[in-house]
Structure formats: C-alpha cells, structure tokens
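I have placed the structure first, in the form of structure tokens, so that the comments after it can refer back to it.
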Amino acid sequence: MPQLLTHEALSESDDERAQELGTIASIFPEELTILTFTSGILNLAVTPLQPLATTSPSSGETPVLLEHLPPVKLQFSLPEAYPAAAPPTLELSTTPAWLLPEKLSAITQQCLDLWEELGHGQVVWAIVDHLQQCAERAFDVAAPFCVSDELHAELVEFNEKTKHEIFNKGTYDCGICLEPKKGTVCHALRSCGHVFCRPCLRDYYVGLIKEGDVNSVRCSDRSCVKSSTRPPPTQPPDNPDDPEAAQRAVALASLPATLPPEELTDIGVPADLVTRYVAMKKKKALEKDPNTIYCAQKWCQAPSRASVELLEETMKRNGSGYWLPDRGATPAAPAKKPKTAEEGQDHPSPLREKLQVCSVCSFAFCRVCLASWHGDFQICKSIDGKLTKEELANEEYLRLNTTPCPTCQSPVIKSHGCNHMICACDTHFCFLCSAYLAAENPYVHFNTRGTECFQRLWEGEEGDLENHLAWPAEMG
Ligand SMILES: [Zn+2]
Ligand SMILES: [Zn+2]
Ligand SMILES: [Zn+2]
Ligand SMILES: [Zn+2]
Ligand SMILES: [Zn+2]
Ligand SMILES: [Zn+2]
C-alpha cells in the first residue's frame, strides 16, 4: 500500500525537507498538490489590491478592471543537498500564459536570491510569502495591461468566473424579503452592488414593468432610492452646432437611468417583458424630445422611423447615461463618429426631411403638411411656417413654373414649348388654366374664340411669343 502523502505524514517524517513541505501543506491544504515527500505544486491565487486595468486591440476604449487573475503555479522540489548546499529547484508558470517568460524568470531569480539572503536555510515559506506580495501588486505589470484579444477574453472570463464562485459561497440578507439567502440564488445589482434574492428581484421588476412604471426599474435599497436623482450630464452635446441633438441629449438625461435589459434577463425577467421594457423606455424618451415627429394618421400617432432611429443612435452613444452603468466601470468617453465629407454639419438631420415614414403603421407622409406623401416636387397643401428657406424658395419656383396635373396633382414643369401639357399619368391639360384637354384634339382649347386661353398656345415661351400668337397651321 503506497504511503499517503498527507501533511501529517510529511510532518512525521525524519526528513527535514518533508517536514518543511508538511508545514506548507497545512497552511495551503487546497492550493498545494503534494507530488513526493520533497516536491509539490502550489497554485497561488492572484487577487491584486488594486484591480488591474486590462485592454486589448479590439476591447474598446474602456479598460476592464480585473479583480482576479489566473493563479501562479509554483512547481518546486527540494534536492538531496537542500538547504545547506543547494537551493530548491523552482518553476513558475501561469495558464493561460499572462505573465511573460522574462517576468517569470526575473521572479524565479528573486526567489533564489532569498535562499542566499537566508544563509542557505529553509526558504520555501519565504518564497511563497514573496510570491503573495508580488501577486498583491499584480506582479508590477504596467496598467493598462495590453494583451491580445484572445488572452483578454480568457482573463475576463476567469475574472467573472472567480467573482461568481466567491459570490456563490457567501450568504446574504435579501433587501426585499429580509431572509438570509445563499449566494447561488442571489443577485448583486451591477450598478450599486446591493444584494437581493433573485425571485424577489424578478417579481419586483415584473410588477413594475406590467404597471408601466419603467422609470422605477432600479435598486430598491433606501440609500439608492435617495440618490436616484441624477446629476445633469457633464458631457457636451456631440455637436454644439446641432441644437436638435443637444435637445435630444437633454431629454434623455432628464429620464432616470434604469437597469440595463441584459441584467433583467439575468435576473429571470421573461423575454417579452424585457422587450416591452425597452420599448417603453424608448417611448418615454421620444415623448421628452421636442423634435420627435409623430405619424400623421390620427388613429396611429406613433413616432416616425427617423425619430426612432435617431433615438436609438443616441442611446447607443450615451448608453452609460440611459442605462445604469456597472459599478467600478470607468465612464466611456462618448464615441465620436468621424465625420465624412457628406456627413458634415451641413448634412440635414433626417427629421428635416419632408418624407417621414411611421415606425408602426408604415404610413408615408409629409412632415410639413401631414398629407400622405406627395413627392418632392408637390406643393404642400398648407404651409404653417415649418419650411426651411430652401424649401420656401423651391415652393416659390414650383408655384411660378409648374401647374399641378388635374388628375394626379403632380407638378408639371413647362421648361419650353406650348401650353399643351402631357403629364406622366397621360393626362392632357392646359398649363394656363389646368383644364382637361382632349388627347385626340388638344388644340381646340386654344383655338376657340371667346375662351380665356384663345390664341395663347405659345404664351410664356420667351422670344417666340410674337411668332406664335396665331394658331400655327403645321400643328393641326
Ligand atoms: Zn428575497
Ligand atoms: Zn443599490
Ligand atoms: Zn402610423
Ligand atoms: Zn407636404
Ligand atoms: Zn398627372
Ligand atoms: Zn386653358
């Protein structure tokens, strides 16, 4: 029967090396794997006093703060001549390899130096102590710690997993039912860290969403309720020359930030209610924004697609203000969209476009006259001062140079030629009086004595006016 490698067995051994190993084993019963009476592997947790800010090429501008890093593995053995005539043999590594080989060999050398400093005495405990102190300083890795995307993902996953394991081992008094609950059924709110049991939180938020009280989907702890009034946004609007965007940012900021939808999903709020929650948040924000355009159908009144798209863009960019941010997360700098030539500040906002389409019923309508969409060249039926200068100039031009087709209302431009107009819809009509003309003989209208348009077929044709005062024989 093989001798059991317990720390008691080691401590009872006559070999001083085994006794030294036994002492380490009694301090680190879970972390130390005893290989032989004189060798072992020690996995030392790396939980720096200051979380390590870590980034990677595509991890975004905000570094992730890592509270836990993969353990440092110390494989050691104590040779025959140890400690008087030989140092221990040491090998340091991490999985995944987040500490560079140069860093690991430098630390190994520091450990061997300790053996010299201690006058060739028992050094294993001093080495472990040294490694733990290094771990508290994250091995003096310069922050932000820039790593590959692959390693970044592994480190973030390890950090989350470790935090989760530690949380699950704890017991917490739920802030709602006031019962002590195991960590495995609890949830710590990401924005403030207050802990509640998941069933309580789920019921609480489901109730609020069903009542339509989405602005209250926050922490219910008294200290958090008190501080729910948010300071005004310090970020300047994306474009100070764009008062519309500034108004939208102010409108969003006037709404309380609430739990992000992903967190509600984690808590167990059903997907359909999470969707309803996001939709209600959007509706509230659109109602606050004075620039929102609503569907012209009286029975619908939903916001236009352009209004919704602009809000969604703003939400994406100012997400940290709209949804409660994670505790400890450094606020992200607003992602400035690089402006292309067409996207300069002269680029009109989609809300200034006359054509608007309803986000719900898909009704296409004119922003200015609220009639169903009439095309870009149609004169609006009523103008109530909402037109821009260019639009007014355009309307004036159309008024002077076009006549609406009596059938389809399309403005028909008379660039040159006679006053017999043929619209794209095949209607023949008179440019001067809009009268319908018979397709077979349209000129009768200009050739009948006593009528308003008699002998005016060519009127308005500059320069040609005199030559065409009379009915031209060749046109017959
Ligand atoms: Zn509870
Ligand atoms: Zn709280
Ligand atoms: Zn509609
Ligand atoms: Zn119109
Ligand atoms: Zn027509
Ligand atoms: Zn006429």
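We name chains A, B, ... following the order of the structure tokens; residues begin at 1 in each chain, and ligands are numbered from 1 as shown.
Near ligand 1, at distances of 6 Å or less and with only C-alpha atoms and all ligand atoms counted, sit the residues A:Cys174, A:Ile176, A:Cys177, A:Phe196, A:Cys197, A:Cys200.
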Dump N, CA, C and O atoms for the selected residues as a compact mmCIF listing (two decimals), in the first residue's frame?
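After the write, part-v8.txt holds the following:
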# COMPACT_ATOMS: atom_id res chain seq x y z
N CYS A 174 -31.39 39.22 1.92
CA CYS A 174 -32.07 39.83 0.79
C CYS A 174 -32.71 41.14 1.25
O CYS A 174 -33.35 41.19 2.30
N ILE A 176 -35.20 42.62 0.08
CA ILE A 176 -36.66 42.69 -0.09
C ILE A 176 -37.36 41.76 0.90
O ILE A 176 -38.18 42.20 1.69
N CYS A 177 -37.01 40.46 0.89
CA CYS A 177 -37.70 39.54 1.82
C CYS A 177 -36.99 39.48 3.18
O CYS A 177 -37.51 38.86 4.11
N PHE A 196 -29.89 41.06 -3.47
CA PHE A 196 -31.26 40.62 -3.24
C PHE A 196 -31.36 39.18 -3.72
O PHE A 196 -30.54 38.75 -4.53
N CYS A 197 -32.38 38.45 -3.22
CA CYS A 197 -32.55 37.12 -3.79
C CYS A 197 -33.25 37.29 -5.13
O CYS A 197 -34.04 38.21 -5.34
N CYS A 200 -37.15 37.53 -5.52
CA CYS A 200 -37.69 38.81 -5.07
C CYS A 200 -37.50 39.88 -6.14
O CYS A 200 -38.42 40.63 -6.46
> Got a sec to check which residues lie within 12 Å of ligand 3, using only C-alpha atoms and all ligand atoms, and send them as JSON, numbers by chain?
Replying inline: {"A": [293, 294, 295, 296, 297, 298, 299, 300, 301, 302, 303, 304, 305, 356, 357, 358, 359, 360, 361, 362, 363, 364, 365, 370, 372]}
> Within 12 Å of ligand 2, counting only C-alpha atoms and all ligand atoms, which protein or nucleic acid residues do you find, written as a PyMOL selection string?
Replying inline: chain A and resi 174-176+187-196+201+217-228+258-259+324+326-327
>> Excluding Cys146 in chain A and its own-chain neighbours fewer than 5 positions away, which residues fall within 6 Å of it when counting only C-alpha atoms? Please give them as a VMD selection string.
In response: chain A and resid 54 to 56
Kindly save the residues from that selection, with C-alpha atoms included, as a PDB file, in the first residue's frame.
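Result written to result26.pdb:
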ATOM      1  CA  THR A  54      -6.674  45.494 -18.948  1.00  0.00           C
ATOM      2  CA  THR A  55      -7.237  46.227 -22.637  1.00  0.00           C
ATOM      3  CA  SER A  56      -6.768  44.538 -25.997  1.00  0.00           C
TER       4      SER A  56
END
> Which parts of range 147-188 of chain A does DSSP call alpha helix (DSSP H) when run on the backbone here, written out as a PyMOL selection string?
Replying inline: chain A and resi 149-169
Pick out the residues no farther than 9 Å from ligand 6, counting only C-alpha atoms and all ligand atoms, and list them as a compact mmCIF listing (two decimals) with all heavy atoms, in the first residue's frame.
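Written out: part_10.txt:
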# COMPACT_ATOMS: atom_id res chain seq x y z
N ASN A 419 -48.39 75.43 -74.37
CA ASN A 419 -49.12 75.27 -73.12
C ASN A 419 -49.98 74.01 -73.07
O ASN A 419 -50.78 73.84 -72.17
CB ASN A 419 -49.98 76.51 -72.86
CG ASN A 419 -49.11 77.69 -72.45
OD1 ASN A 419 -48.17 77.52 -71.68
ND2 ASN A 419 -49.40 78.86 -73.00
N HIS A 420 -49.81 73.15 -74.06
CA HIS A 420 -50.46 71.85 -74.01
C HIS A 420 -49.54 70.91 -73.24
O HIS A 420 -48.44 70.58 -73.67
CB HIS A 420 -50.69 71.33 -75.45
CG HIS A 420 -50.96 69.86 -75.51
ND1 HIS A 420 -50.47 69.07 -76.53
CD2 HIS A 420 -51.66 69.04 -74.69
CE1 HIS A 420 -50.84 67.82 -76.32
NE2 HIS A 420 -51.58 67.78 -75.21
N PHE A 429 -53.53 68.46 -70.39
CA PHE A 429 -54.21 69.60 -69.78
C PHE A 429 -53.54 70.90 -70.19
O PHE A 429 -52.46 70.92 -70.76
CB PHE A 429 -54.26 69.46 -68.25
CG PHE A 429 -52.92 69.55 -67.57
CD1 PHE A 429 -52.49 70.74 -67.00
CD2 PHE A 429 -52.08 68.44 -67.48
CE1 PHE A 429 -51.26 70.83 -66.36
CE2 PHE A 429 -50.85 68.52 -66.84
CZ PHE A 429 -50.44 69.72 -66.28
N CYS A 430 -54.23 72.01 -69.86
CA CYS A 430 -53.75 73.33 -70.23
C CYS A 430 -52.89 73.89 -69.11
O CYS A 430 -53.33 73.91 -67.95
CB CYS A 430 -54.94 74.25 -70.51
SG CYS A 430 -54.45 75.99 -70.68
N PHE A 431 -51.68 74.35 -69.46
CA PHE A 431 -50.78 74.87 -68.45
C PHE A 431 -51.32 76.16 -67.82
O PHE A 431 -51.08 76.45 -66.66
CB PHE A 431 -49.40 75.14 -69.07
CG PHE A 431 -48.37 75.61 -68.07
CD1 PHE A 431 -47.75 74.70 -67.22
CD2 PHE A 431 -48.03 76.96 -67.97
CE1 PHE A 431 -46.82 75.12 -66.29
CE2 PHE A 431 -47.09 77.39 -67.04
CZ PHE A 431 -46.48 76.46 -66.19
N LEU A 432 -52.10 76.91 -68.60
CA LEU A 432 -52.57 78.21 -68.12
C LEU A 432 -53.75 78.08 -67.17
O LEU A 432 -53.80 78.72 -66.13
CB LEU A 432 -52.96 79.09 -69.32
CG LEU A 432 -51.82 79.40 -70.30
CD1 LEU A 432 -52.38 80.13 -71.52
CD2 LEU A 432 -50.73 80.22 -69.64
N CYS A 433 -54.73 77.21 -67.52
CA CYS A 433 -55.95 77.17 -66.71
C CYS A 433 -56.22 75.80 -66.11
O CYS A 433 -57.23 75.61 -65.44
CB CYS A 433 -57.15 77.63 -67.54
SG CYS A 433 -57.65 76.40 -68.78
N SER A 434 -55.33 74.84 -66.35
CA SER A 434 -55.46 73.49 -65.81
C SER A 434 -56.64 72.70 -66.37
O SER A 434 -56.97 71.64 -65.84
CB SER A 434 -55.57 73.51 -64.27
OG SER A 434 -54.35 73.92 -63.73
N ALA A 435 -57.26 73.21 -67.43
CA ALA A 435 -58.41 72.49 -67.98
C ALA A 435 -57.95 71.19 -68.64
O ALA A 435 -56.85 71.12 -69.18
CB ALA A 435 -59.13 73.36 -69.00
N TYR A 436 -58.79 70.16 -68.55
CA TYR A 436 -58.50 68.91 -69.26
C TYR A 436 -58.57 69.18 -70.76
O TYR A 436 -59.43 69.93 -71.22
CB TYR A 436 -59.55 67.84 -68.92
CG TYR A 436 -59.37 67.21 -67.56
CD1 TYR A 436 -60.19 67.57 -66.50
CD2 TYR A 436 -58.39 66.23 -67.37
CE1 TYR A 436 -60.03 66.99 -65.26
CE2 TYR A 436 -58.24 65.64 -66.13
CZ TYR A 436 -59.05 66.02 -65.07
OH TYR A 436 -58.90 65.43 -63.87
N LEU A 437 -57.67 68.56 -71.53
CA LEU A 437 -57.71 68.70 -72.98
C LEU A 437 -57.94 67.32 -73.58
O LEU A 437 -57.45 66.32 -73.04
CB LEU A 437 -56.38 69.26 -73.51
CG LEU A 437 -55.92 70.61 -72.91
CD1 LEU A 437 -54.60 71.04 -73.53
CD2 LEU A 437 -56.98 71.68 -73.10
N HIS A 445 -58.87 73.84 -77.55
CA HIS A 445 -58.93 74.70 -76.37
C HIS A 445 -58.32 76.07 -76.64
O HIS A 445 -58.81 77.09 -76.16
CB HIS A 445 -58.18 74.00 -75.23
CG HIS A 445 -58.16 74.76 -73.94
ND1 HIS A 445 -59.29 74.91 -73.15
CD2 HIS A 445 -57.17 75.42 -73.30
CE1 HIS A 445 -58.97 75.62 -72.08
NE2 HIS A 445 -57.68 75.95 -72.14
N PHE A 446 -57.24 76.11 -77.44
CA PHE A 446 -56.54 77.38 -77.69
C PHE A 446 -57.05 78.06 -78.96
O PHE A 446 -56.55 79.09 -79.35
CB PHE A 446 -55.03 77.12 -77.84
CG PHE A 446 -54.43 76.43 -76.64
CD1 PHE A 446 -54.28 75.06 -76.61
CD2 PHE A 446 -54.05 77.18 -75.53
CE1 PHE A 446 -53.74 74.44 -75.52
CE2 PHE A 446 -53.51 76.55 -74.43
CZ PHE A 446 -53.35 75.17 -74.40
N THR A 451 -62.85 82.12 -75.50
CA THR A 451 -62.42 81.46 -74.26
C THR A 451 -61.19 82.17 -73.69
O THR A 451 -60.51 82.92 -74.40
CB THR A 451 -62.06 79.98 -74.48
OG1 THR A 451 -60.94 79.93 -75.33
CG2 THR A 451 -63.24 79.21 -75.06
N GLU A 452 -60.93 81.89 -72.46
CA GLU A 452 -59.83 82.50 -71.71
C GLU A 452 -58.47 82.25 -72.37
O GLU A 452 -57.59 83.08 -72.33
CB GLU A 452 -59.85 81.88 -70.30
CG GLU A 452 -59.07 82.62 -69.25
CD GLU A 452 -58.98 81.79 -67.98
OE1 GLU A 452 -59.76 80.81 -67.83
OE2 GLU A 452 -58.12 82.11 -67.15
N CYS A 453 -58.30 81.06 -72.96
CA CYS A 453 -56.98 80.67 -73.46
C CYS A 453 -56.88 80.79 -74.99
O CYS A 453 -55.93 80.26 -75.58
CB CYS A 453 -56.65 79.25 -73.01
SG CYS A 453 -56.63 79.11 -71.21
N PHE A 454 -57.83 81.49 -75.62
CA PHE A 454 -57.81 81.64 -77.08
C PHE A 454 -56.50 82.26 -77.53
O PHE A 454 -56.06 83.29 -77.00
CB PHE A 454 -59.01 82.50 -77.52
CG PHE A 454 -59.05 82.75 -79.00
CD1 PHE A 454 -59.10 81.67 -79.91
CD2 PHE A 454 -59.01 84.04 -79.51
CE1 PHE A 454 -59.14 81.90 -81.27
CE2 PHE A 454 -59.04 84.27 -80.88
CZ PHE A 454 -59.10 83.20 -81.76
N ARG A 456 -53.53 81.43 -77.01
CA ARG A 456 -52.44 81.53 -76.02
C ARG A 456 -51.61 80.25 -75.94
O ARG A 456 -50.95 79.98 -74.93
CB ARG A 456 -53.03 81.85 -74.63
CG ARG A 456 -53.63 83.27 -74.57
CD ARG A 456 -54.35 83.51 -73.28
NE ARG A 456 -53.43 83.63 -72.15
CZ ARG A 456 -53.81 83.62 -70.87
NH1 ARG A 456 -55.10 83.48 -70.57
NH2 ARG A 456 -52.92 83.73 -69.92
N LEU A 457 -51.66 79.42 -77.01
CA LEU A 457 -50.92 78.15 -77.00
C LEU A 457 -49.44 78.34 -76.68
O LEU A 457 -48.85 77.57 -75.94
CB LEU A 457 -51.08 77.44 -78.35
CG LEU A 457 -50.31 76.12 -78.49
CD1 LEU A 457 -50.83 75.07 -77.51
CD2 LEU A 457 -50.41 75.59 -79.92
> Residues within 6 Å of ligand 4 (only C-alpha atoms and all ligand atoms), as an MDAnalysis selection string?
Replying inline: chainID A and resid 366 368:369 371 380
Just want the residues within 10 Å of ligand 5, written as a compact mmCIF listing (two decimals) with C-alpha atoms, in the first residue's frame, counting only C-alpha atoms and all ligand atoms.
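The resulting out_19.txt:
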# COMPACT_ATOMS: atom_id res chain seq x y z
CA PRO A 404 -50.40 70.63 -60.93
CA CYS A 405 -51.87 67.92 -63.12
CA PRO A 406 -55.67 67.98 -62.62
CA THR A 407 -55.67 64.18 -62.30
CA CYS A 408 -52.71 63.24 -60.09
CA GLN A 409 -51.65 66.61 -58.65
CA SER A 410 -48.04 66.14 -59.76
CA PRO A 411 -46.44 69.46 -60.57
CA VAL A 412 -45.63 69.57 -64.25
CA MET A 421 -49.13 69.70 -71.21
CA ILE A 422 -48.96 65.93 -71.03
CA CYS A 423 -48.45 64.57 -67.52
CA ALA A 424 -46.63 61.32 -66.74
CA CYS A 425 -50.09 59.90 -65.92
CA ASP A 426 -51.16 60.56 -69.56
CA THR A 427 -53.48 63.41 -68.70
CA HIS A 428 -53.54 66.22 -71.29
CA PHE A 429 -54.21 69.60 -69.78
Restrict the calculation to only C-alpha atoms, then for each residue of range 94-117 of chain A with any atom at most 10 Å from an atom of range 64-69 of chain A give the closest atom pair and their distance in Å to one decimal, rows by chain and rising residue number, as JSON lines.
{"residue": "A:Thr94", "atom": "CA", "partner": "A:Leu69", "partner_atom": "CA", "distance": 9.5}
{"residue": "A:Thr95", "atom": "CA", "partner": "A:Leu69", "partner_atom": "CA", "distance": 9.9}
{"residue": "A:Pro96", "atom": "CA", "partner": "A:Leu69", "partner_atom": "CA", "distance": 9.8}
{"residue": "A:Trp98", "atom": "CA", "partner": "A:Leu69", "partner_atom": "CA", "distance": 8.6}
>> Quick one: residues within 9 Å of Asp289 in chain A, only C-alpha atoms, excluding same-chain residues fewer than 2 positions away - as a ChimeraX atom specification?
In response: /A:244,247-252,284-287,291-292
Keeping only C-alpha atoms, write the selected residues to a file as a compact mmCIF listing (two decimals), in the first residue's frame.
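See out_7.txt below for the written result:
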# COMPACT_ATOMS: atom_id res chain seq x y z
CA GLU A 244 -31.68 69.29 -32.20
CA GLN A 247 -32.23 68.87 -27.12
CA ARG A 248 -32.33 65.11 -27.57
CA ALA A 249 -29.39 64.61 -25.17
CA VAL A 250 -31.06 66.83 -22.56
CA ALA A 251 -34.36 64.94 -22.99
CA LEU A 252 -32.60 61.61 -22.43
CA LYS A 284 -40.70 57.89 -22.75
CA ALA A 285 -37.52 59.30 -24.30
CA LEU A 286 -39.30 60.14 -27.58
CA GLU A 287 -42.05 61.91 -25.64
CA ASN A 291 -38.19 67.13 -32.12
CA THR A 292 -40.00 63.81 -32.33
>> Using only C-alpha atoms for the distances, tell me which of A:Ala86, A:Val147, A:Glu309, A:Glu440 is nearest to Gly119 in chain A.
In response: A:Ala86
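Note that the spacing between CA of Thr448 in chain A and CA of Gly417 in chain A amounts to 20.0 Å.
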> Near Pro260 in chain A, counting only C-alpha atoms, which residues have an atom at most 9 Å away, once you skip same-chain residues fewer than 5 positions from it, shown as a list in words?
Replying inline: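 After dropping sequence-adjacent residues, the list is Val278, Tyr322, Trp323, Leu324 and Pro325 of chain A.
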For the residues selected in the previous step, produce a file with all heavy atoms as an mmCIF file, in the first residue's frame.
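out-v7.cif, freshly written:
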data_model
loop_
_atom_site.group_PDB
_atom_site.id
_atom_site.type_symbol
_atom_site.label_atom_id
_atom_site.label_comp_id
_atom_site.auth_asym_id
_atom_site.auth_seq_id
_atom_site.Cartn_x
_atom_site.Cartn_y
_atom_site.Cartn_z
ATOM 1 N N VAL A 278 -37.893 47.796 -22.836
ATOM 2 C CA VAL A 278 -37.051 48.613 -23.714
ATOM 3 C C VAL A 278 -37.937 49.525 -24.568
ATOM 4 O O VAL A 278 -37.641 50.713 -24.746
ATOM 5 C CB VAL A 278 -36.152 47.719 -24.603
ATOM 6 C CG1 VAL A 278 -35.380 48.560 -25.605
ATOM 7 C CG2 VAL A 278 -35.195 46.912 -23.733
ATOM 8 N N TYR A 322 -28.167 56.348 -20.099
ATOM 9 C CA TYR A 322 -29.527 55.873 -20.282
ATOM 10 C C TYR A 322 -29.802 54.648 -19.418
ATOM 11 O O TYR A 322 -30.838 54.529 -18.801
ATOM 12 C CB TYR A 322 -29.707 55.533 -21.754
ATOM 13 C CG TYR A 322 -31.130 55.411 -22.197
ATOM 14 C CD1 TYR A 322 -31.946 56.534 -22.277
ATOM 15 C CD2 TYR A 322 -31.655 54.179 -22.548
ATOM 16 C CE1 TYR A 322 -33.247 56.421 -22.694
ATOM 17 C CE2 TYR A 322 -32.956 54.061 -22.978
ATOM 18 C CZ TYR A 322 -33.750 55.182 -23.051
ATOM 19 O OH TYR A 322 -35.032 55.061 -23.470
ATOM 20 N N TRP A 323 -28.834 53.722 -19.401
ATOM 21 C CA TRP A 323 -28.911 52.545 -18.543
ATOM 22 C C TRP A 323 -27.923 52.740 -17.398
ATOM 23 O O TRP A 323 -26.888 53.378 -17.575
ATOM 24 C CB TRP A 323 -28.541 51.276 -19.319
ATOM 25 C CG TRP A 323 -29.320 51.065 -20.572
ATOM 26 C CD1 TRP A 323 -28.834 51.076 -21.852
ATOM 27 C CD2 TRP A 323 -30.723 50.791 -20.702
ATOM 28 N NE1 TRP A 323 -29.840 50.835 -22.748
ATOM 29 C CE2 TRP A 323 -31.008 50.657 -22.071
ATOM 30 C CE3 TRP A 323 -31.764 50.652 -19.783
ATOM 31 C CZ2 TRP A 323 -32.292 50.393 -22.547
ATOM 32 C CZ3 TRP A 323 -33.032 50.385 -20.259
ATOM 33 C CH2 TRP A 323 -33.286 50.260 -21.629
ATOM 34 N N LEU A 324 -28.225 52.157 -16.241
ATOM 35 C CA LEU A 324 -27.317 52.274 -15.099
ATOM 36 C C LEU A 324 -25.985 51.616 -15.446
ATOM 37 O O LEU A 324 -25.955 50.498 -15.940
ATOM 38 C CB LEU A 324 -27.935 51.594 -13.872
ATOM 39 C CG LEU A 324 -29.065 52.368 -13.188
ATOM 40 C CD1 LEU A 324 -29.852 51.448 -12.274
ATOM 41 C CD2 LEU A 324 -28.508 53.537 -12.409
ATOM 42 N N PRO A 325 -24.866 52.304 -15.202
ATOM 43 C CA PRO A 325 -23.569 51.717 -15.530
ATOM 44 C C PRO A 325 -23.152 50.696 -14.480
ATOM 45 O O PRO A 325 -23.643 50.724 -13.350
ATOM 46 C CB PRO A 325 -22.630 52.923 -15.512
ATOM 47 C CG PRO A 325 -23.276 53.882 -14.556
ATOM 48 C CD PRO A 325 -24.761 53.639 -14.610
#
>> List the spatial neighbours of range 3-20 of chain A as a list in words - criterion: any atom at most 7 Å away, only C-alpha atoms, same-chain residues fewer than 5 positions off excluded.
In response: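 Close residues of range 3-20 of chain A: Ala25, Ser26, Ile34, Phe37, Thr38 and Leu78 of chain A.
CA of Ala45 in chain A sits 16.0 Å away from CA of Ile107 in chain A.
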>> For a test of reading the model, state the distance in Å between CA of Pro261 in chain A and CA of Phe158 in chain A, rounded to one decimal.
In response: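 One can read the CA of Pro261 in chain A to CA of Phe158 in chain A distance as 23.8 Å.
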With a distance cut-off of 9 Å and only C-alpha atoms, select the neighbouring residues of range 169-172 of chain A, excluding the residue or stretch itself and same-chain residues fewer than 6 positions from it, and output the selection as a PDB file with C-alpha atoms, in the first residue's frame.
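The new file around.pdb reads:
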ATOM      1  CA  GLU A 179     -34.254  36.474   4.694  1.00  0.00           C
ATOM      2  CA  PRO A 180     -30.675  35.167   4.699  1.00  0.00           C
ATOM      3  CA  LYS A 181     -30.140  33.540   1.296  1.00  0.00           C
ATOM      4  CA  LYS A 182     -27.330  31.545  -0.302  1.00  0.00           C
ATOM      5  CA  GLY A 183     -25.261  33.336  -2.924  1.00  0.00           C
ATOM      6  CA  THR A 184     -26.370  30.832  -5.565  1.00  0.00           C
ATOM      7  CA  CYS A 186     -28.908  35.867  -5.084  1.00  0.00           C
ATOM      8  CA  VAL A 195     -27.741  42.028  -2.952  1.00  0.00           C
ATOM      9  CA  PHE A 196     -31.262  40.617  -3.239  1.00  0.00           C
ATOM     10  CA  CYS A 197     -32.548  37.123  -3.792  1.00  0.00           C
TER      11      CYS A 197
END
> Can you list, as a list in words, every residue of range 98-208 of chain A that DSSP puts in strand (DSSP E)?
Replying inline: Phe145, Cys146, Thr171, Tyr172, Asp173, Pro180, Lys181, Lys182, Cys186, His187, Ala188, Val195, Phe196 and Cys197 of chain A
